[in-house]
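Enquirer: Sharing target_5.cif here; it has mmCIF, C-alpha atoms.
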data_final
loop_
_atom_site.label_atom_id
_atom_site.label_comp_id
_atom_site.auth_asym_id
_atom_site.auth_seq_id
_atom_site.Cartn_x
_atom_site.Cartn_y
_atom_site.Cartn_z
CA MET S 4 0.00 0.00 0.00
CA ILE S 5 2.70 2.50 0.98
CA ILE S 6 4.95 1.42 -1.89
CA SER S 7 2.06 1.77 -4.34
CA ALA S 8 1.15 5.24 -3.02
CA ARG S 9 4.75 6.42 -3.27
CA ALA S 10 5.05 5.08 -6.84
CA GLN S 11 1.85 6.90 -7.78
CA HIS S 12 3.15 10.12 -6.23
CA ARG S 13 6.34 9.86 -8.29
CA ARG S 14 4.31 9.23 -11.47
CA LEU S 15 2.06 12.23 -10.82
CA LEU S 16 5.04 14.47 -10.09
CA ARG S 17 6.81 13.31 -13.28
CA THR S 18 3.70 14.16 -15.29
CA ILE S 19 3.55 17.61 -13.65
CA VAL S 20 7.17 18.19 -14.66
CA ARG S 21 6.42 17.06 -18.23
CA ILE S 22 3.50 19.50 -18.40
CA LEU S 23 5.62 22.35 -17.10
CA ARG S 24 8.39 21.61 -19.61
CA ARG S 25 5.93 21.77 -22.50
CA PHE S 26 4.40 24.90 -21.01
CA ARG S 27 7.26 27.14 -22.02
CA PRO S 28 6.19 30.07 -24.15
CA PRO S 29 6.84 29.63 -27.88
CA SER S 30 9.75 31.55 -29.36
CA ASP S 31 7.35 33.72 -31.40
CA GLY S 32 6.19 35.45 -28.19
CA SER S 33 2.71 33.98 -28.22
CA PRO S 34 1.32 32.76 -24.89
CA PRO S 35 2.08 29.21 -23.78
CA ARG S 36 -0.43 26.53 -24.73
CA VAL S 37 -1.62 24.00 -22.20
CA PRO S 38 -0.58 20.47 -23.27
CA LEU S 39 -4.06 18.98 -23.11
CA ASP S 40 -2.83 15.43 -23.75
CA LEU S 41 -0.62 15.54 -20.66
CA LEU S 42 -3.27 17.30 -18.61
CA ASP S 43 -5.72 14.53 -19.54
CA GLU S 44 -3.14 11.91 -18.56
CA LEU S 45 -2.57 13.66 -15.24
CA LEU S 46 -6.28 13.92 -14.43
CA THR S 47 -6.88 10.25 -15.31
CA ASP S 48 -3.96 9.16 -13.14
CA LEU S 49 -5.06 11.50 -10.37
CA SER S 50 -8.57 10.05 -10.29
CA ALA S 51 -7.21 6.50 -10.06
CA HIS S 52 -4.69 7.60 -7.43
CA PHE S 53 -7.33 9.19 -5.21
CA ALA S 54 -9.61 6.15 -5.55
CA GLU S 55 -6.82 3.76 -4.58
CA GLU S 56 -5.68 5.87 -1.64
CA GLU S 57 -9.20 6.15 -0.25
CA GLY S 58 -10.39 2.65 -1.18
CA PRO S 59 -10.29 -0.54 0.87
CA GLY S 60 -6.73 -1.42 1.84
CA GLY S 61 -5.53 1.98 0.64
CA LEU S 62 -3.20 4.44 2.26
CA TYR S 63 -5.96 6.38 4.00
CA GLU S 64 -7.34 3.23 5.61
CA ARG S 65 -3.91 2.71 7.16
CA LEU S 66 -3.60 6.37 8.14
CA ASP S 67 -7.05 6.28 9.77
CA GLY S 68 -5.57 3.97 12.39
CA GLU S 69 -3.18 6.68 13.57
CA PRO S 70 -4.99 9.13 15.90
CA THR S 71 -2.03 11.53 15.88
CA LEU S 72 -2.49 12.01 12.12
CA ALA S 73 -6.30 12.44 12.12
CA THR S 74 -6.32 16.19 11.44
CA ASP S 75 -3.80 15.89 8.60
CA VAL S 76 -5.70 12.97 7.05
CA ALA S 77 -9.01 14.86 7.18
CA ARG S 78 -7.39 17.85 5.46
CA LEU S 79 -5.88 15.67 2.74
CA ARG S 80 -9.22 13.91 2.13
CA SER S 81 -10.82 17.33 1.72
CA ASP S 82 -8.03 18.24 -0.71
CA HIS S 83 -8.96 15.23 -2.85
CA VAL S 84 -12.48 16.53 -3.39
CA HIS S 85 -11.24 20.06 -4.06
CA LEU S 86 -8.40 19.04 -6.39
CA ALA S 87 -10.58 16.64 -8.40
CA ALA S 88 -13.18 19.37 -9.01
CA TRP S 89 -10.53 22.01 -9.70
CA GLY S 90 -8.81 19.69 -12.19
CA ARG S 91 -12.04 19.24 -14.17
CA VAL S 92 -12.60 23.00 -14.29
CA VAL S 93 -9.00 23.68 -15.31
CA ARG S 94 -9.22 21.09 -18.08
CA GLU S 95 -12.43 22.56 -19.43
CA ARG S 96 -11.01 26.09 -19.29
CA ALA S 97 -7.76 25.05 -20.97
CA ALA S 98 -9.68 23.60 -23.92
CA TRP S 99 -11.50 26.86 -24.68
CA ASP S 100 -8.41 28.41 -26.22
CA ASP S 101 -9.85 31.94 -26.16
CA ALA S 102 -7.59 33.11 -23.31
CA PRO S 103 -4.49 30.90 -23.35
CA LEU S 104 -2.51 33.02 -20.87
CA GLU S 105 -5.34 32.92 -18.34
CA ALA S 106 -5.75 29.16 -18.86
CA ALA S 107 -2.02 28.68 -18.37
CA GLU S 108 -2.16 30.61 -15.09
CA HIS S 109 -5.04 28.44 -13.85
CA VAL S 110 -3.21 25.24 -14.81
CA SER S 111 -0.03 26.46 -13.11
CA ALA S 112 -1.90 27.21 -9.89
CA PHE S 113 -3.57 23.80 -10.01
CA LEU S 114 -0.26 22.02 -10.60
CA ARG S 115 1.33 23.89 -7.68
CA ALA S 116 -1.52 22.94 -5.35
CA LEU S 117 -1.40 19.32 -6.49
CA GLY S 118 2.36 19.16 -5.97
CA GLU S 119 1.96 20.60 -2.46
CA HIS S 120 -0.77 18.05 -1.69
CA GLU S 121 1.39 15.14 -2.84
CA ALA S 122 4.31 16.46 -0.76
CA LYS S 123 2.07 16.53 2.34
CA GLU S 124 1.03 12.94 1.68
CA GLU S 125 4.67 11.95 1.38
CA GLN S 126 5.35 13.58 4.75
CA LEU S 127 2.56 11.52 6.32
CA ILE S 128 3.91 8.36 4.73
CA ARG S 129 7.33 9.11 6.23
CA LYS S 130 5.74 9.68 9.66
CA LEU S 131 3.88 6.39 9.33
CA MET S 132 7.05 4.56 8.32
CA ASP S 133 8.93 6.11 11.25
CA GLN S 134 6.16 5.06 13.65
CA ASP S 135 6.19 1.53 12.24
CA ARG S 136 9.96 1.41 12.60
CA ASP S 137 9.74 2.70 16.19
CA ASP S 138 7.01 0.19 17.03
CA SER S 139 9.12 -2.64 15.60
CA GLY S 140 12.09 -1.53 17.66
CA ASN S 141 10.01 -1.28 20.83
CA ARG S 142 8.75 -4.84 20.44
CA GLU S 143 12.29 -6.15 20.28
CA CYS S 144 13.22 -4.66 23.65
#
If you took the structure in this file and wrote it as structure tokens, what would it be?
Expert:
Amino acid sequence: MIISARAQHRRLLRTIVRILRRFRPPSDGSPPRVPLDLLDELLTDLSAHFAEEEGPGGLYERLDGEPTLATDVARLRSDHVHLAAWGRVVRERAAWDDAPLEAAEHVSAFLRALGEHEAKEEQLIRKLMDQDRDDSGNREC
């Protein structure tokens, strides 16, 4: 479960980097275009990622067993709802093509928020791993 979540985080972050690399403004000075193919890939992966994390046997089921992490877990669950909705809006807006600079700004903000969310999840995973390690060490004493 933890290994799967970490692998998904790395995949999402790699896709974010790929989007940002293709986001560079063209040399002719026109505004950057949102790479819709990569944004679609990201949103598909994100939906599957959220479902796996929150599903039976997922990361959040394991995190729910840690009372010290309850507030962080609740915030991250709320982020899932917010980010999923925001991603759909950003995708729709990016496809309009009538205001590419504005669309690019919305996508950039979304990608930043998603990256921050994934970093917070990674921090919780590290805490969980540290607790598991400590618990294993305490049993050996």
Enquirer: At a cut-off of 12 Å around the point (3.0, 30.6, -23.5) (file coordinates), what residues fall inside when counting only C-alpha atoms? I'd like the answer as a PyMOL selection string.
Expert: chain S and resi 23-38+100+102-108+110-111
Enquirer: Can you tell me how far atom CA of Lys123 of chain S sits from atom CA of Ile6 of chain S, in Å to one decimal?
Expert: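 If I compute the distance from atom CA of Lys123 of chain S to atom CA of Ile6 of chain S, I get 16.0 Å.
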Enquirer: Calculated over all atoms listed in the file, which of the candidates S:Leu39, S:Leu62, S:Leu46, S:Val92 has the smallest distance to Ile5 of chain S?
Expert: S:Leu62
Enquirer: To one decimal place, how far is atom CA of Leu114 of chain S from atom CA of Ile19 of chain S in Å?
Expert: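 A separation of 6.6 Å between them.
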Enquirer: What is the atom CA of Met4 of chain S-atom CA of Gly61 of chain S distance in Å, reported with one decimal?
Expert: 5.9 Å
Enquirer: Find the spatial neighbours of segment 66-75 of chain S, counting only C-alpha atoms, within a cut-off of 9 Å - ignore same-chain residues fewer than 3 positions away - and output them as a list in words.
Expert: Gly61, Leu62, Tyr63, Arg78, Leu79, Arg80, Lys123, Glu124, Leu127, Ile128, Lys130 and Leu131 of chain S
Enquirer: Residues of the last selection are to be written out with C-alpha atoms, as an mmCIF file, in the frame of the given file.
Expert:
data_model
loop_
_atom_site.group_PDB
_atom_site.id
_atom_site.type_symbol
_atom_site.label_atom_id
_atom_site.label_comp_id
_atom_site.auth_asym_id
_atom_site.auth_seq_id
_atom_site.Cartn_x
_atom_site.Cartn_y
_atom_site.Cartn_z
ATOM 1 C CA GLY S 61 -5.530 1.980 0.640
ATOM 2 C CA LEU S 62 -3.200 4.440 2.260
ATOM 3 C CA TYR S 63 -5.960 6.380 4.000
ATOM 4 C CA ARG S 78 -7.390 17.850 5.460
ATOM 5 C CA LEU S 79 -5.880 15.670 2.740
ATOM 6 C CA ARG S 80 -9.220 13.910 2.130
ATOM 7 C CA LYS S 123 2.070 16.530 2.340
ATOM 8 C CA GLU S 124 1.030 12.940 1.680
ATOM 9 C CA LEU S 127 2.560 11.520 6.320
ATOM 10 C CA ILE S 128 3.910 8.360 4.730
ATOM 11 C CA LYS S 130 5.740 9.680 9.660
ATOM 12 C CA LEU S 131 3.880 6.390 9.330
#
Enquirer: For segment 82-90 of chain S, work out the shell of residues within 8 Å, counting all atoms listed in the file and skipping chain neighbours fewer than 4 positions away, then give it as a ChimeraX atom specification.
Expert: /S:46,49-50,53,78,94,113,116-117,120
Enquirer: Looking at all atoms listed in the file, which of S:Asp101, S:Glu119, S:Glu57, S:Glu44 is the one that sits closest to Ala8 of chain S?
Expert: S:Glu57
Enquirer: Quick one: what's the axis-aligned box for segment 27-43 of chain S, all listed atoms, 4 Å on every side, centre and edges in Å to one decimal, as JSON?
Expert:
{"center_x": 2.0, "center_y": 25.0, "center_z": -25.0, "size_x": 23.5, "size_y": 28.9, "size_z": 20.8}
Enquirer: From the list S:Asp43, S:Arg129, S:Glu121, S:Glu55, which residue is nearest Leu16 of chain S when using only C-alpha atoms?
Expert: S:Glu121
Enquirer: Tell me which of S:Arg136, S:Arg115, S:His109, S:Arg13 sits closest to His52 of chain S, counting all atoms listed in the file.
Expert: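 Under the stated criterion, the closest residue is S:Arg13.
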Enquirer: Given the choices S:Leu41, S:Val93, S:Ala112, S:Val76, which gets closest to Leu15 of chain S if the distance is worked out from all atoms listed in the file?
Expert: S:Leu41
Enquirer: Go through S:Gly118, S:Ala51, S:Ala98, S:Gln134 and flag the residue nearest Ser7 of chain S, using all atoms listed in the file for the distances.
Expert: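 Among the listed residues, S:Ala51 lies closest to Ser7 of chain S.
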